[in-house]
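Engineer: So that you have it, the file is data39.cif, and it contains mmCIF, C-alpha atoms:
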```cif
data_start
#
loop_
_atom_site.label_atom_id
_atom_site.label_comp_id
_atom_site.auth_asym_id
_atom_site.auth_seq_id
_atom_site.Cartn_x
_atom_site.Cartn_y
_atom_site.Cartn_z
CA MET A 1400 44.85 -18.41 30.10
CA ASN A 1401 44.98 -15.39 27.81
CA ASN A 1402 47.56 -12.64 27.97
CA LEU A 1403 45.70 -10.19 30.15
CA GLU A 1404 44.68 -12.89 32.60
CA ARG A 1405 48.34 -13.82 32.97
CA LEU A 1406 49.27 -10.21 33.64
CA SER A 1407 46.42 -9.83 36.15
CA LYS A 1408 47.84 -12.80 38.03
CA THR A 1409 51.31 -11.25 38.11
CA LEU A 1410 49.88 -7.94 39.30
CA GLY A 1411 47.84 -9.64 42.02
CA TYR A 1412 44.51 -8.15 41.00
CA THR A 1413 41.61 -9.53 38.97
CA PHE A 1414 39.76 -6.86 37.03
CA ASN A 1415 35.98 -6.69 36.89
CA ASP A 1416 36.35 -4.71 33.68
CA ILE A 1417 39.32 -6.09 31.79
CA ASN A 1418 39.02 -3.27 29.24
CA LEU A 1419 40.47 -0.94 31.86
CA LEU A 1420 43.64 -3.02 32.01
CA GLU A 1421 43.85 -3.06 28.24
CA GLN A 1422 43.47 0.72 28.13
CA ALA A 1423 46.20 1.10 30.78
CA LEU A 1424 48.60 -0.80 28.51
CA THR A 1425 47.75 1.19 25.39
CA HIS A 1426 50.16 3.94 24.38
CA ARG A 1427 48.77 6.99 22.62
CA SER A 1428 50.62 5.99 19.46
CA ALA A 1429 48.40 2.91 19.09
CA LYS A 1430 44.83 4.19 19.23
CA SER A 1431 42.53 6.92 20.38
CA VAL A 1432 41.53 5.24 23.63
CA HIS A 1433 44.90 5.21 25.36
CA ASN A 1434 46.37 5.34 28.85
CA GLU A 1435 47.21 9.00 29.40
CA ARG A 1436 44.16 9.92 31.47
CA LEU A 1437 44.56 6.77 33.58
CA GLU A 1438 48.21 7.71 34.10
CA PHE A 1439 47.15 11.15 35.38
CA LEU A 1440 44.81 9.55 37.90
CA GLY A 1441 47.19 6.75 38.88
CA ASP A 1442 50.08 9.12 39.50
CA SER A 1443 48.10 10.97 42.16
CA VAL A 1444 46.77 7.76 43.72
CA LEU A 1445 50.31 6.38 44.01
CA SER A 1446 51.65 9.59 45.45
CA PHE A 1447 48.91 9.73 48.10
CA VAL A 1448 49.19 6.05 49.07
CA ILE A 1449 52.95 6.30 49.52
CA ALA A 1450 52.67 9.60 51.43
CA GLU A 1451 50.14 8.13 53.85
CA LYS A 1452 52.22 4.99 54.37
CA LEU A 1453 55.42 6.96 55.05
CA TYR A 1454 53.57 9.30 57.41
CA ALA A 1455 52.46 6.29 59.47
CA GLN A 1456 55.66 4.25 59.18
CA PHE A 1457 58.00 7.05 60.23
CA PRO A 1458 56.22 8.99 63.00
CA LYS A 1459 59.39 10.85 63.98
CA CYS A 1460 60.57 11.81 60.52
CA LYS A 1461 60.57 15.40 59.40
CA GLU A 1462 58.72 16.51 56.31
CA GLY A 1463 61.96 16.82 54.31
CA ASP A 1464 62.88 13.19 54.89
CA LEU A 1465 59.35 12.04 54.11
CA SER A 1466 59.42 13.99 50.83
CA ARG A 1467 62.76 12.54 49.84
CA MET A 1468 61.65 8.99 50.61
CA ARG A 1469 58.50 9.50 48.61
CA SER A 1470 60.50 10.84 45.66
CA THR A 1471 62.64 7.73 45.73
CA LEU A 1472 59.61 5.46 45.75
CA VAL A 1473 57.58 7.16 43.03
CA ARG A 1474 60.39 8.22 40.70
CA GLY A 1475 60.78 6.85 37.21
CA GLU A 1476 63.57 4.40 38.03
CA THR A 1477 61.45 2.66 40.65
CA LEU A 1478 58.42 2.49 38.36
CA VAL A 1479 60.57 1.00 35.59
CA GLU A 1480 61.78 -1.67 38.04
CA LEU A 1481 58.18 -2.52 38.88
CA ALA A 1482 57.32 -2.62 35.17
CA GLN A 1483 60.21 -5.01 34.59
CA ASN A 1484 59.12 -7.27 37.45
CA PHE A 1485 55.66 -7.43 35.90
CA LYS A 1486 57.13 -7.88 32.38
CA ILE A 1487 54.86 -5.04 31.28
CA SER A 1488 56.70 -4.61 27.99
CA ASP A 1489 55.35 -7.99 26.84
CA TYR A 1490 51.83 -6.58 27.08
CA LEU A 1491 52.17 -3.00 25.86
CA VAL A 1492 50.01 -1.91 22.94
CA LEU A 1493 52.19 0.42 20.87
CA GLY A 1494 51.82 2.19 17.54
CA PRO A 1495 54.23 1.41 14.71
CA GLY A 1496 56.47 4.39 15.48
CA GLU A 1497 56.98 3.39 19.09
CA LEU A 1498 57.66 -0.30 18.52
CA LYS A 1499 61.32 0.27 17.87
CA SER A 1500 61.92 3.21 20.19
CA GLY A 1501 64.49 2.47 22.85
CA GLY A 1502 66.30 3.98 25.80
CA HIS A 1503 64.61 6.60 27.90
CA ARG A 1504 61.57 6.81 25.59
CA ARG A 1505 60.88 3.17 26.25
CA ASN A 1506 61.42 3.64 29.98
CA SER A 1507 59.01 6.51 30.08
CA ILE A 1508 56.39 4.36 28.34
CA LEU A 1509 56.90 1.71 31.03
CA GLU A 1510 56.61 4.25 33.88
CA ASP A 1511 53.43 5.66 32.40
CA ALA A 1512 51.93 2.20 32.03
CA VAL A 1513 52.54 1.36 35.69
CA GLU A 1514 50.83 4.59 36.76
CA ALA A 1515 47.98 3.90 34.35
CA ILE A 1516 47.52 0.39 35.78
CA ILE A 1517 47.25 1.93 39.25
CA GLY A 1518 44.58 4.32 37.94
CA ALA A 1519 42.77 1.43 36.28
CA VAL A 1520 42.73 -0.73 39.41
CA TYR A 1521 41.47 2.21 41.45
CA LEU A 1522 38.61 2.87 39.03
CA ASP A 1523 37.80 -0.85 38.90
CA SER A 1524 37.75 -1.19 42.69
CA ASN A 1525 38.24 1.36 45.47
CA MET A 1526 40.88 3.13 47.52
CA ASP A 1527 41.37 0.31 50.05
CA THR A 1528 42.00 -2.25 47.31
CA ILE A 1529 44.55 -0.20 45.38
CA LYS A 1530 46.22 0.76 48.67
CA ASP A 1531 46.70 -2.89 49.63
CA LEU A 1532 47.95 -3.72 46.14
CA ILE A 1533 50.48 -0.87 46.02
CA LEU A 1534 51.77 -1.72 49.49
CA THR A 1535 52.20 -5.35 48.38
CA TRP A 1536 54.17 -4.25 45.33
CA TYR A 1537 56.33 -1.99 47.49
CA ARG A 1538 56.68 -4.32 50.49
CA SER A 1539 60.39 -5.05 50.21
CA ARG A 1540 61.23 -1.45 49.30
CA LEU A 1541 59.29 -0.15 52.30
CA GLU A 1542 60.95 -2.65 54.62
CA THR A 1543 64.46 -1.62 53.65
CA LEU A 1544 63.74 2.11 53.49
CA LYS A 1545 65.72 4.34 55.82
CA PRO A 1546 65.29 8.09 56.29
CA GLY A 1547 68.36 10.10 55.43
CA GLN A 1548 71.20 10.49 53.00
CA SER A 1549 70.55 7.73 50.51
CA GLN A 1550 67.15 9.14 49.61
CA LYS A 1551 68.57 12.38 48.31
CA ASP A 1552 68.18 12.95 44.62
CA ALA A 1553 71.11 13.63 42.32
CA LYS A 1554 70.68 17.44 42.26
CA THR A 1555 70.61 17.58 46.07
CA GLN A 1556 73.62 15.28 46.36
CA LEU A 1557 75.56 17.36 43.85
CA GLN A 1558 74.66 20.62 45.60
CA GLU A 1559 75.80 19.25 48.95
CA TRP A 1560 78.98 17.81 47.50
CA LEU A 1561 79.88 21.23 46.05
CA GLN A 1562 78.88 23.17 49.15
CA GLY A 1563 81.08 20.85 51.24
CA ARG A 1564 84.00 21.96 49.05
CA LYS A 1565 82.98 25.63 49.04
CA GLN A 1566 82.46 25.52 45.28
CA GLU A 1567 79.90 27.48 43.28
CA LEU A 1568 76.45 25.94 42.83
CA PRO A 1569 75.73 24.33 39.44
CA VAL A 1570 73.68 26.04 36.78
CA TYR A 1571 71.17 24.02 34.75
CA GLN A 1572 70.34 25.17 31.27
CA VAL A 1573 67.86 23.82 28.76
CA GLU A 1574 69.86 23.13 25.61
CA GLU A 1575 67.25 21.55 23.42
CA ILE A 1576 63.59 20.57 23.40
CA THR A 1577 62.52 18.12 20.71
CA GLY A 1578 59.22 16.40 19.99
CA LYS A 1579 55.71 17.72 20.14
CA ASP A 1580 53.29 18.39 22.91
CA HIS A 1581 53.45 16.13 25.93
CA LYS A 1582 55.97 13.79 24.38
CA GLN A 1583 58.90 16.19 24.38
CA THR A 1584 62.49 15.30 25.11
CA PHE A 1585 64.48 17.84 27.09
CA THR A 1586 68.24 18.11 26.94
CA VAL A 1587 69.67 20.01 29.88
CA SER A 1588 73.26 20.89 30.69
CA CYS A 1589 74.69 21.05 34.19
CA ILE A 1590 77.48 23.62 34.29
CA ILE A 1591 79.94 24.20 37.12
CA ASP A 1592 82.12 27.26 37.32
CA ASP A 1593 81.97 27.68 33.53
CA GLU A 1594 84.50 24.87 33.43
CA SER A 1595 82.95 21.46 33.33
CA SER A 1596 79.57 20.50 32.01
CA THR A 1597 77.49 17.38 31.53
CA LEU A 1598 74.28 16.69 29.65
CA GLY A 1599 71.10 14.90 30.66
CA LYS A 1600 68.01 13.95 28.71
CA GLY A 1601 64.51 13.21 29.92
CA SER A 1602 60.82 13.52 29.24
CA SER A 1603 60.61 16.56 31.51
CA ARG A 1604 62.97 19.34 32.41
CA ARG A 1605 63.13 18.04 35.97
CA LYS A 1606 64.11 14.55 34.85
CA ALA A 1607 66.72 15.87 32.43
CA GLU A 1608 68.23 18.01 35.21
CA GLN A 1609 68.48 14.98 37.49
CA GLU A 1610 70.22 13.04 34.73
CA ALA A 1611 72.68 15.88 34.10
CA ALA A 1612 73.38 16.15 37.85
CA ARG A 1613 73.94 12.40 38.08
CA ALA A 1614 76.42 12.56 35.20
CA MET A 1615 78.22 15.46 36.89
CA LEU A 1616 78.42 13.57 40.20
CA ASN A 1617 79.90 10.58 38.37
CA GLN A 1618 82.42 12.82 36.65
CA LEU A 1619 83.44 14.53 39.89
CA THR A 1620 83.66 11.41 42.03
CA SER A 1621 85.18 8.93 39.60
CA MET B 1475 32.66 29.79 71.33
CA ASN B 1476 36.44 29.60 71.46
CA ASN B 1477 38.78 30.41 68.63
CA LEU B 1478 39.24 26.92 67.23
CA GLU B 1479 35.52 26.21 67.38
CA ARG B 1480 34.92 29.34 65.35
CA LEU B 1481 37.47 28.27 62.77
CA SER B 1482 35.97 24.74 62.64
CA LYS B 1483 32.64 26.31 61.81
CA THR B 1484 34.16 28.38 59.00
CA LEU B 1485 35.93 25.31 57.62
CA GLY B 1486 32.74 23.25 57.76
CA TYR B 1487 34.20 20.40 59.81
CA THR B 1488 34.05 19.58 63.52
CA PHE B 1489 37.17 17.83 64.78
CA ASN B 1490 37.01 14.81 67.06
CA ASP B 1491 40.54 15.64 68.14
CA ILE B 1492 40.87 19.42 68.20
CA ASN B 1493 44.62 19.07 68.87
CA LEU B 1494 45.03 18.10 65.22
CA LEU B 1495 43.61 21.44 64.12
CA GLU B 1496 45.87 23.26 66.54
CA GLN B 1497 48.87 21.38 65.20
CA ALA B 1498 47.86 22.24 61.63
CA LEU B 1499 47.97 25.94 62.52
CA THR B 1500 51.33 25.77 64.27
CA HIS B 1501 54.34 26.94 62.29
CA ARG B 1502 57.69 25.30 62.95
CA SER B 1503 58.99 28.56 64.39
CA ALA B 1504 56.56 28.27 67.32
CA LYS B 1505 57.14 24.84 68.81
CA SER B 1506 58.40 21.37 68.25
CA VAL B 1507 55.01 19.88 67.41
CA HIS B 1508 54.26 21.82 64.23
CA ASN B 1509 52.40 21.41 60.97
CA GLU B 1510 55.05 20.26 58.49
CA ARG B 1511 54.24 16.56 58.55
CA LEU B 1512 50.52 17.29 58.26
CA GLU B 1513 51.29 19.56 55.32
CA PHE B 1514 53.15 16.70 53.60
CA LEU B 1515 50.15 14.42 54.02
CA GLY B 1516 47.56 17.08 53.14
CA ASP B 1517 49.33 18.10 49.97
CA SER B 1518 49.02 14.57 48.58
CA VAL B 1519 45.39 14.22 49.72
CA LEU B 1520 44.48 17.48 47.98
CA SER B 1521 46.29 16.55 44.82
CA PHE B 1522 44.54 13.17 44.65
CA VAL B 1523 41.06 14.53 45.42
CA ILE B 1524 41.36 17.22 42.75
CA ALA B 1525 42.79 14.76 40.20
CA GLU B 1526 39.93 12.32 40.75
CA LYS B 1527 37.33 15.08 40.51
CA LEU B 1528 38.79 16.49 37.28
CA TYR B 1529 39.04 12.99 35.80
CA ALA B 1530 35.30 12.51 36.40
CA GLN B 1531 34.18 16.04 35.56
CA PHE B 1532 36.00 16.23 32.21
CA PRO B 1533 35.68 12.80 30.59
CA LYS B 1534 36.88 14.07 27.22
CA CYS B 1535 39.84 16.13 28.40
CA LYS B 1536 43.36 15.06 27.60
CA GLU B 1537 45.95 14.46 30.28
CA GLY B 1538 47.69 17.77 29.54
CA ASP B 1539 44.56 19.80 30.19
CA LEU B 1540 43.77 17.83 33.33
CA SER B 1541 47.30 18.47 34.64
CA ARG B 1542 47.07 22.18 33.93
CA MET B 1543 43.70 22.49 35.61
CA ARG B 1544 44.99 20.64 38.63
CA SER B 1545 48.04 22.92 38.81
CA THR B 1546 45.72 25.93 38.83
CA LEU B 1547 43.61 24.49 41.63
CA VAL B 1548 46.40 23.35 43.94
CA ARG B 1549 48.93 26.12 43.34
CA GLY B 1550 49.98 28.54 46.05
CA GLU B 1551 47.82 31.44 44.88
CA THR B 1552 44.65 29.37 45.15
CA LEU B 1553 45.59 28.04 48.58
CA VAL B 1554 46.29 31.58 49.77
CA GLU B 1555 42.82 32.62 48.58
CA LEU B 1556 41.28 29.76 50.55
CA ALA B 1557 43.34 30.75 53.59
CA GLN B 1558 42.09 34.31 53.28
CA ASN B 1559 38.46 33.17 53.00
CA PHE B 1560 38.93 31.17 56.19
CA LYS B 1561 40.84 34.05 57.86
CA ILE B 1562 43.55 31.51 58.72
CA SER B 1563 46.03 34.21 59.64
CA ASP B 1564 43.93 35.08 62.71
CA TYR B 1565 44.55 31.59 64.04
CA LEU B 1566 48.17 30.85 63.10
CA VAL B 1567 50.57 29.95 65.88
CA LEU B 1568 53.87 31.57 64.95
CA GLY B 1569 57.25 31.96 66.63
CA PRO B 1570 58.59 35.44 67.41
CA GLY B 1571 60.72 35.59 64.25
CA GLU B 1572 57.78 34.88 61.96
CA LEU B 1573 55.25 37.24 63.54
CA LYS B 1574 56.51 40.17 61.53
CA SER B 1575 57.46 38.37 58.33
CA GLY B 1576 55.53 39.58 55.32
CA GLY B 1577 55.14 39.08 51.61
CA HIS B 1578 55.78 35.71 50.10
CA ARG B 1579 57.05 34.21 53.37
CA ARG B 1580 53.67 34.95 54.90
CA ASN B 1581 51.85 33.57 51.88
CA SER B 1582 53.84 30.38 52.01
CA ILE B 1583 52.91 29.97 55.70
CA LEU B 1584 49.24 30.34 54.73
CA GLU B 1585 49.50 27.79 51.91
CA ASP B 1586 51.21 25.31 54.20
CA ALA B 1587 48.53 25.77 56.86
CA VAL B 1588 45.73 25.01 54.38
CA GLU B 1589 47.48 21.82 53.30
CA ALA B 1590 48.10 20.89 56.94
CA ILE B 1591 44.42 21.41 57.78
CA ILE B 1592 43.52 19.03 54.94
CA GLY B 1593 45.95 16.46 56.40
CA ALA B 1594 44.48 17.00 59.88
CA VAL B 1595 40.86 16.53 58.72
CA TYR B 1596 41.86 13.37 56.84
CA LEU B 1597 43.56 11.87 59.91
CA ASP B 1598 40.61 12.88 62.09
CA SER B 1599 38.04 11.33 59.73
CA ASN B 1600 38.45 9.42 56.46
CA MET B 1601 38.87 9.88 52.72
CA ASP B 1602 35.16 10.36 51.97
CA THR B 1603 34.83 13.14 54.52
CA ILE B 1604 37.88 15.12 53.40
CA LYS B 1605 36.84 14.62 49.78
CA ASP B 1606 33.40 16.15 50.42
CA LEU B 1607 34.95 19.00 52.37
CA ILE B 1608 37.54 19.85 49.69
CA LEU B 1609 34.91 19.73 46.97
CA THR B 1610 32.73 22.10 49.00
CA TRP B 1611 35.64 24.52 49.40
CA TYR B 1612 36.33 24.32 45.67
CA ARG B 1613 32.73 24.28 44.45
CA SER B 1614 32.67 27.67 42.73
CA ARG B 1615 36.16 27.18 41.29
CA LEU B 1616 35.19 23.80 39.88
CA GLU B 1617 31.98 25.17 38.39
CA THR B 1618 33.74 27.94 36.50
CA LEU B 1619 36.71 25.83 35.42
CA LYS B 1620 37.27 25.42 31.70
CA PRO B 1621 39.91 23.29 30.03
CA GLY B 1622 42.34 25.23 27.87
CA GLN B 1623 44.46 28.31 27.64
CA SER B 1624 43.74 30.10 30.88
CA GLN B 1625 45.05 27.19 32.94
CA LYS B 1626 48.55 27.47 31.58
CA ASP B 1627 51.17 28.49 34.06
CA ALA B 1628 53.40 31.52 33.55
CA LYS B 1629 56.40 29.59 32.20
CA THR B 1630 54.24 27.81 29.63
CA GLN B 1631 52.52 31.05 28.62
CA LEU B 1632 55.86 32.80 28.24
CA GLN B 1633 57.32 29.95 26.20
CA GLU B 1634 54.34 29.95 23.86
CA TRP B 1635 54.37 33.72 23.52
CA LEU B 1636 58.04 33.61 22.49
CA GLN B 1637 57.62 30.62 20.17
CA GLY B 1638 54.75 32.44 18.47
CA ARG B 1639 57.22 35.23 17.67
CA LYS B 1640 60.05 32.86 16.71
CA GLN B 1641 62.17 34.16 19.57
CA GLU B 1642 64.67 32.16 21.64
CA LEU B 1643 63.38 30.30 24.68
CA PRO B 1644 64.06 31.89 28.07
CA VAL B 1645 66.83 30.71 30.35
CA TYR B 1646 66.19 30.48 34.09
CA GLN B 1647 69.11 30.86 36.45
CA VAL B 1648 69.29 30.56 40.20
CA GLU B 1649 70.83 33.83 41.40
CA GLU B 1650 70.63 33.38 45.14
CA ILE B 1651 69.50 30.91 47.77
CA THR B 1652 69.06 32.28 51.28
CA GLY B 1653 67.79 30.71 54.48
CA LYS B 1654 68.40 27.28 55.91
CA ASP B 1655 67.07 23.85 55.20
CA HIS B 1656 63.48 23.64 54.07
CA LYS B 1657 62.80 27.32 54.62
CA GLN B 1658 64.96 28.60 51.82
CA THR B 1659 64.17 31.53 49.56
CA PHE B 1660 65.20 31.16 45.94
CA THR B 1661 65.88 34.09 43.65
CA VAL B 1662 65.77 33.14 39.99
CA SER B 1663 66.34 35.25 36.91
CA CYS B 1664 64.50 34.78 33.65
CA ILE B 1665 66.75 35.83 30.79
CA ILE B 1666 65.75 36.30 27.15
CA ASP B 1667 68.28 36.62 24.37
CA ASP B 1668 70.87 38.01 26.83
CA GLU B 1669 68.95 41.26 26.58
CA SER B 1670 66.14 41.54 29.04
CA SER B 1671 65.84 39.83 32.39
CA THR B 1672 63.46 39.72 35.32
CA LEU B 1673 63.72 38.30 38.82
CA GLY B 1674 61.38 36.10 40.81
CA LYS B 1675 61.49 34.92 44.41
CA GLY B 1676 59.83 31.93 46.01
CA SER B 1677 60.13 29.17 48.55
CA SER B 1678 61.17 26.73 45.85
CA ARG B 1679 63.07 27.00 42.64
CA ARG B 1680 59.93 26.13 40.70
CA LYS B 1681 57.90 28.87 42.37
CA ALA B 1682 60.65 31.45 41.85
CA GLU B 1683 60.84 30.51 38.16
CA GLN B 1684 57.10 31.00 37.79
CA GLU B 1685 57.37 34.42 39.42
CA ALA B 1686 60.23 35.43 37.14
CA ALA B 1687 58.28 34.23 34.10
CA ARG B 1688 55.20 36.16 35.21
CA ALA B 1689 57.30 39.31 35.59
CA MET B 1690 58.76 38.77 32.10
CA LEU B 1691 55.30 38.29 30.61
CA ASN B 1692 54.16 41.52 32.22
CA GLN B 1693 57.22 43.32 30.89
CA LEU B 1694 56.75 41.98 27.36
CA THR B 1695 53.01 42.55 27.13
CA SER B 1696 52.63 45.87 28.92
#
```
What would you get if you wrote out this structure as structure tokens?

Structural biologist:
Amino acid sequence: MNNLERLSKTLGYTFNDINLLEQALTHRSAKSVHNERLEFLGDSVLSFVIAEKLYAQFPKCKEGDLSRMRSTLVRGETLVELAQNFKISDYLVLGPGELKSGGHRRNSILEDAVEAIIGAVYLDSNMDTIKDLILTWYRSRLETLKPGQSQKDAKTQLQEWLQGRKQELPVYQVEEITGKDHKQTFTVSCIIDDESSTLGKGSSRRKAEQEAARAMLNQLTS
Amino acid sequence: MNNLERLSKTLGYTFNDINLLEQALTHRSAKSVHNERLEFLGDSVLSFVIAEKLYAQFPKCKEGDLSRMRSTLVRGETLVELAQNFKISDYLVLGPGELKSGGHRRNSILEDAVEAIIGAVYLDSNMDTIKDLILTWYRSRLETLKPGQSQKDAKTQLQEWLQGRKQELPVYQVEEITGKDHKQTFTVSCIIDDESSTLGKGSSRRKAEQEAARAMLNQLTS
């Protein structure tokens, strides 16, 4: 069994066109046919499939709870967990510069690859097939999911924590943007009352803000 | 022909369950069965349908261009235009408090209703049907769409304008949040070099930032 056949087995889907899977694993640093377009498509497929499932699974939930649950299920951390379950990093096709990159850069490559695989399966099959596959991947997460508090993201949790103590809301400020084009790294500070501040980094401003908020929550509650 | 039949004709879709259309037009201020859950579902259907179409229509476009084109097509302004074409405001079911609300509150009600109608059509039919309908609604926009500059949102345009002049990047700051729960209004300032600032309002932080950036662009380039 070759590499990609082994991965197909782990994923639970056999490709008609195995080149699509190879493309989904190929980072833009490696060659000109890479996974960014598949990632764009896969991201929206995943978001729709999860939205539809939550809509059906929680008929009494309000829109706010549905949105929060979806955020939890499609956010980077969850995609990295999936990538780790599938051992995606054993199969990635990276350029020389990316081979040794670590930390959040590596995580963002893993997230992107999972979304690209979703796009690839969809193109190789149809909506019903990718829907079944995604729901299989997410089965245990969907079974244990509960509407409410735990779904709230770090910025929301921080805001509520501060409001509960009648403190000022935090201010988020972009401190630094490094890297070119769509591979930028944002550094954002979370500042409270001009007194304490934390930093967060991420591949988007939104992600960096969440990281900074998480660091602030840790600081305040530890 | 009753009201909802007339609207169905304008939309180009006849509902099996007309109650779904009525629900899609009902704002949460009016009654307990309102359109927020349908809006959640419709938003993700729209985003997926547009992503898939752009992926197919522009086989050589990079992910960044595809994302920008999608943002243009699914953003509030575009949805408000659709709502105006369909004369949605003649059919909205609003509570007493909302009947006289104007400006961006009214626009956000129109946007939400369009997304809710998309969710309602999808539930009433299937993916192929809603896909055809959305692509009909968007036909002229899709025909005139070009990858590149014009798709960039206000924050991106402002950032590039400033970078081109070697000026500092803008800072966005939340100045005020009013309203409860998911019906909040955010006021955000866009500050450049501690010298000039503009304000933007919107139903989310992101939207308010875009408005503030647009105001700053106008100020700088007029």

Engineer: Using only C-alpha atoms, select each residue of chain B with any atom at most 6 Å away from an atom of chain A, and give the selection as a list in words.

Structural biologist: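 Putting it all together, I get Glu1510, Arg1511, Ser1518, Val1519, Phe1522 and Glu1537 of chain B.
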
Engineer: Given only C-alpha atoms as the basis, pick out the residue of A:Gln1558, A:Arg1540, A:Ser1524, A:Lys1565 nearest to A:Asp1416.

Structural biologist: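 So, comparing all the options, the nearest one is A:Ser1524.
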
Engineer: Quick one: pull the distance between atom CA of A:Trp1536 and atom CA of A:Leu1410, Å, one decimal.

Structural biologist: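 Between atom CA of A:Trp1536 and atom CA of A:Leu1410 the gap works out to 8.3 Å.
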
Engineer: Give as a PyMOL selection string the residues that the PyMOL selection byres ((chain A and resi 1601) around 9) matches when applied to the coordinates above.

Structural biologist: chain A and resi 1503-1504+1507+1583-1587+1599-1600+1602-1610

Engineer: For atom CA of B:Phe1560 and atom CA of B:Val1595, quote the distance in Å rounded to one decimal.

Structural biologist: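 Atom-to-atom, atom CA of B:Phe1560 and atom CA of B:Val1595 are spaced 15.0 Å apart.
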
Engineer: Please write out, as JSON, where the centre of an axis-aligned box around all listed atoms of stretch 1669-1679 of chain B lies and how long its edges are, in Å to one decimal, after adding 5 Å on each side.

Structural biologist:
```
{"center_x": 64.4, "center_y": 34.1, "center_z": 37.6, "size_x": 19.1, "size_y": 24.8, "size_z": 32.0}
```

Engineer: Enumerate, as a list in words, the residues matched when the PyMOL selection byres ((chain A and resi 1494) around 8) is run on the file above.

Structural biologist: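 In the shown coordinates, the PyMOL selection byres ((chain A and resi 1494) around 8) covers His1426, Arg1427, Ser1428, Ala1429, Lys1430, Val1492, Leu1493, Pro1495, Gly1496, Glu1497 and Leu1498 of chain A.
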
Engineer: Any idea what the distance is between atom CA of A:Gln1422 and atom CA of A:Gly1578?

Structural biologist: 23.7 Å

Engineer: With the PyMOL selection byres ((chain B and resi 1546) around 12) as the selection, what would be picked from this file? Answer as an mmCIF file with C-alpha atoms, in the frame of the given file, please.

Structural biologist:
```cif
data_model
loop_
_atom_site.group_PDB
_atom_site.id
_atom_site.type_symbol
_atom_site.label_atom_id
_atom_site.label_comp_id
_atom_site.auth_asym_id
_atom_site.auth_seq_id
_atom_site.Cartn_x
_atom_site.Cartn_y
_atom_site.Cartn_z
ATOM 1 C CA SER B 1521 46.290 16.550 44.820
ATOM 2 C CA ILE B 1524 41.360 17.220 42.750
ATOM 3 C CA ALA B 1525 42.790 14.760 40.200
ATOM 4 C CA LEU B 1528 38.790 16.490 37.280
ATOM 5 C CA ASP B 1539 44.560 19.800 30.190
ATOM 6 C CA LEU B 1540 43.770 17.830 33.330
ATOM 7 C CA SER B 1541 47.300 18.470 34.640
ATOM 8 C CA ARG B 1542 47.070 22.180 33.930
ATOM 9 C CA MET B 1543 43.700 22.490 35.610
ATOM 10 C CA ARG B 1544 44.990 20.640 38.630
ATOM 11 C CA SER B 1545 48.040 22.920 38.810
ATOM 12 C CA LEU B 1547 43.610 24.490 41.630
ATOM 13 C CA VAL B 1548 46.400 23.350 43.940
ATOM 14 C CA ARG B 1549 48.930 26.120 43.340
ATOM 15 C CA GLY B 1550 49.980 28.540 46.050
ATOM 16 C CA GLU B 1551 47.820 31.440 44.880
ATOM 17 C CA THR B 1552 44.650 29.370 45.150
ATOM 18 C CA LEU B 1553 45.590 28.040 48.580
ATOM 19 C CA TYR B 1612 36.330 24.320 45.670
ATOM 20 C CA ARG B 1615 36.160 27.180 41.290
ATOM 21 C CA LEU B 1616 35.190 23.800 39.880
ATOM 22 C CA LEU B 1619 36.710 25.830 35.420
ATOM 23 C CA LYS B 1620 37.270 25.420 31.700
ATOM 24 C CA PRO B 1621 39.910 23.290 30.030
ATOM 25 C CA GLY B 1622 42.340 25.230 27.870
ATOM 26 C CA GLN B 1623 44.460 28.310 27.640
ATOM 27 C CA SER B 1624 43.740 30.100 30.880
ATOM 28 C CA GLN B 1625 45.050 27.190 32.940
ATOM 29 C CA LYS B 1626 48.550 27.470 31.580
ATOM 30 C CA ASP B 1627 51.170 28.490 34.060
ATOM 31 C CA ALA B 1628 53.400 31.520 33.550
#
```
